[in-house]
Amino acid sequence: MKALAVFSGGLDSMLAVELIQAQGIDVLGLFFETPFFHADKARRSAEMLHVPLKVLDLTEPHLAIVKKPRYGYGGNMNPCIDCHSLMIREAAARLAEENARFIITGEVLGQRPMSQNLRSLSTVAAQSGLPEYILRPLSAKLLPITLPEEKGWVRREKLLALSGRSRKPQMELARAYNFAEYPSPGGGCLLTDPVFSRRLKDLLSASPDCDIREIELLKLGRHFRLGPATKIVVGRNKKENEQILTLAEESDLLIKVESIPGPLALAVGDISRQTENIALALALSYSDAKNGEVAEVKLSVKGNERKESAPARSKSEFQALMI
């Protein structure tokens, strides 16, 4: 007997896997990767549990629901009900090819008011097309009986009745299972982050057909909107400067402070002389230059480079442009 686990790598999904493995059932973890959540945590957790893990790219269909979710957003840009529905639907489509009988998740009734209430869990299961095959081991005793329980594949009495937002029961179980470590709750999905969500909302408003590079840039630096088709990203440290450089394209404007330590500034979209002036000023204002101090910068666009000198200005002049 084999089950597929929609596996985030968080404590709840780890415990769900452990409960099912304890009943002699093989488990294959499935992690659905997008630009908003990566598999690093899931890989570490799966390795600790000695559970095989498949990482599957869900970028294209997931981005479509982020742009227009049927069931709306959570606190930020996180379309949790649509997202969970999509993942379970994708898992259900792989049951036959993986020779698995049912699907498990780490969802806990009432842990998230919008996406893990009884109605939402039912909606998510129904969206899979195989609702009777979806088992939530941590809250199973509080939910309608599923086919794996009816058929005796899983013993319902060995499942749990967890509910609510407290994580103390899960932490106690982790100690009982001798988990050496497990990820802290939250932080896995960028769509729940207020700053990232604000930037994504701005991007989708200005560029509904944005590409993955533009989304990757949202994770870096400080962002300034100059107009509907123009934005500037200013690095915050050496690592971000290097990452911004790898995402730059030939048509972008790159500005690097030369004479003193400072950030890399990247302007994308329509590059005018006004854009150059603002990008230059932003790079200097976030450099080590004192207000009014003249410093040299290098401007690069479409293979052409030149150097200019200008005085550093106060960051407060650009607050209205910051996203």
# chains A, B, ... in the order shown; residues from 1 in each chain; ligands from 1

$ residues_around --residues "segment 16-21 of chain A" --least-positions-apart "5" --cutoff "10 Å" --atoms "only C-alpha atoms" --output "ChimeraX atom specification"
/A:2-7,11,26-29,46,49,51,104-108,135-139,154-155,158-160,174,177

$ select_by_dssp --residues "segment 174-240 of chain A" --states "helix (DSSP H, G or I)" --output "number ranges by chain"
A: 174-176, 190-192, 194-206, 212-217, 238-240

$ write_last_selection --atoms "C-alpha atoms" --output "mmCIF file, in the first residue's frame"
data_model
loop_
_atom_site.group_PDB
_atom_site.id
_atom_site.type_symbol
_atom_site.label_atom_id
_atom_site.label_comp_id
_atom_site.auth_asym_id
_atom_site.auth_seq_id
_atom_site.Cartn_x
_atom_site.Cartn_y
_atom_site.Cartn_z
ATOM 1 C CA ALA A 174 7.660 15.874 17.435
ATOM 2 C CA ARG A 175 9.376 15.129 20.741
ATOM 3 C CA ALA A 176 7.637 11.747 20.950
ATOM 4 C CA LEU A 190 6.501 34.486 -0.048
ATOM 5 C CA LEU A 191 2.889 35.287 -0.893
ATOM 6 C CA THR A 192 2.152 35.609 2.829
ATOM 7 C CA PRO A 194 3.409 41.813 3.313
ATOM 8 C CA VAL A 195 6.383 43.489 1.591
ATOM 9 C CA PHE A 196 6.684 40.882 -1.149
ATOM 10 C CA SER A 197 2.909 40.930 -1.663
ATOM 11 C CA ARG A 198 2.914 44.708 -2.041
ATOM 12 C CA ARG A 199 5.640 44.441 -4.679
ATOM 13 C CA LEU A 200 3.857 41.626 -6.511
ATOM 14 C CA LYS A 201 0.577 43.542 -6.544
ATOM 15 C CA ASP A 202 2.402 46.544 -8.005
ATOM 16 C CA LEU A 203 4.085 44.355 -10.643
ATOM 17 C CA LEU A 204 0.872 42.640 -11.740
ATOM 18 C CA SER A 205 -0.858 46.013 -11.948
ATOM 19 C CA ALA A 206 1.902 47.459 -14.144
ATOM 20 C CA ILE A 212 9.673 34.916 -14.035
ATOM 21 C CA ARG A 213 12.718 37.229 -14.014
ATOM 22 C CA GLU A 214 10.546 40.122 -12.875
ATOM 23 C CA ILE A 215 9.135 37.972 -10.060
ATOM 24 C CA GLU A 216 12.625 36.891 -8.994
ATOM 25 C CA LEU A 217 13.649 40.552 -8.793
ATOM 26 C CA LYS A 238 26.982 42.509 -1.771
ATOM 27 C CA LYS A 239 25.014 39.276 -2.131
ATOM 28 C CA GLU A 240 21.958 41.082 -3.466
#

$ residues_around --residues "Pro79 of chain A" --least-positions-apart "5" --cutoff "7 Å" --atoms "only C-alpha atoms" --output "PyMOL selection string"
chain A and resi 66+69+72-74

$ write_last_selection --atoms "C-alpha atoms" --output "PDB file, in the first residue's frame"
ATOM      1  CA  VAL A  66      -2.171  34.050  -8.173  1.00  0.00           C
ATOM      2  CA  PRO A  69      -7.918  33.289  -7.684  1.00  0.00           C
ATOM      3  CA  GLY A  72      -9.762  35.167  -3.276  1.00  0.00           C
ATOM      4  CA  TYR A  73      -6.676  35.983  -1.225  1.00  0.00           C
ATOM      5  CA  GLY A  74      -5.706  35.546   2.394  1.00  0.00           C
TER       6      GLY A  74
END

$ select_by_dssp --residues "segment 26-165 of chain A" --states "strand (DSSP E or B)" --output "count of residues only"
22

$ atom_distance --atom1 "atom CA of Pro228 of chain A" --atom2 "atom CA of Glu60 of chain A"
24.1 Å

$ closest_residue --among "A:Cys80, A:Ala125, A:Val234, A:Ala265" --to "Phe102 of chain A" --atoms "only C-alpha atoms"
A:Ala125

$ residues_around --residues "Thr230 of chain A" --least-positions-apart "6" --cutoff "12 Å" --atoms "only C-alpha atoms" --output "list in words"
Asp202, Leu203, Ala206, Ser207, Glu214, His223, Phe224, Asp252, Leu253, Leu266, Ala267, Val268, Gly269, Asp270, Ile271, Ser272, Gln274, Thr275, Glu276, Ile278, Ala279 and Leu321 of chain A

$ write_last_selection --atoms "C-alpha atoms" --output "short mmCIF file (atom, residue, chain, number, x, y, z; two decimals), in the first residue's frame"
data_model
loop_
_atom_site.label_atom_id
_atom_site.label_comp_id
_atom_site.auth_asym_id
_atom_site.auth_seq_id
_atom_site.Cartn_x
_atom_site.Cartn_y
_atom_site.Cartn_z
CA ASP A 202 2.40 46.54 -8.00
CA LEU A 203 4.08 44.35 -10.64
CA ALA A 206 1.90 47.46 -14.14
CA SER A 207 2.70 44.26 -16.07
CA GLU A 214 10.55 40.12 -12.88
CA HIS A 223 12.00 48.81 -5.24
CA PHE A 224 10.99 52.18 -6.67
CA ASP A 252 18.29 47.21 -18.60
CA LEU A 253 20.21 50.10 -17.10
CA LEU A 266 18.99 48.22 -11.90
CA ALA A 267 16.39 50.08 -13.96
CA VAL A 268 13.99 48.02 -16.07
CA GLY A 269 11.40 49.13 -18.60
CA ASP A 270 11.48 52.43 -20.44
CA ILE A 271 14.97 53.92 -19.95
CA SER A 272 14.97 57.69 -20.47
CA GLN A 274 15.14 61.07 -16.44
CA THR A 275 15.29 57.38 -15.47
CA GLU A 276 19.08 57.49 -15.60
CA ILE A 278 16.87 59.05 -10.75
CA ALA A 279 18.66 55.67 -10.79
CA LEU A 321 8.60 56.32 -5.14
#

$ closest_residue --among "A:Gly221, A:Glu258, A:Leu95, A:Ile103" --to "Pro148 of chain A" --atoms "only C-alpha atoms"
A:Ile103

$ atom_distance --atom1 "atom CA of Ser166 of chain A" --atom2 "atom CA of Lys141 of chain A"
17.6 Å

$ closest_residue --among "A:Arg306, A:Arg225, A:Asp211, A:Arg273" --to "Lys256 of chain A" --atoms "only C-alpha atoms"
A:Arg306

$ atom_distance --atom1 "atom CA of Cys210 of chain A" --atom2 "atom CA of Glu250 of chain A"
17.4 Å

$ residues_around --residues "segment 87-92 of chain A" --least-positions-apart "3" --cutoff "7 Å" --atoms "only C-alpha atoms" --output "number ranges by chain"
A: 6, 32, 83-84, 95, 127-128

$ residues_around --residues "Glu150 of chain A" --least-positions-apart "6" --cutoff "12 Å" --atoms "only C-alpha atoms" --output "VMD selection string"
chain A and resid 132 to 133 135 144 156 to 157
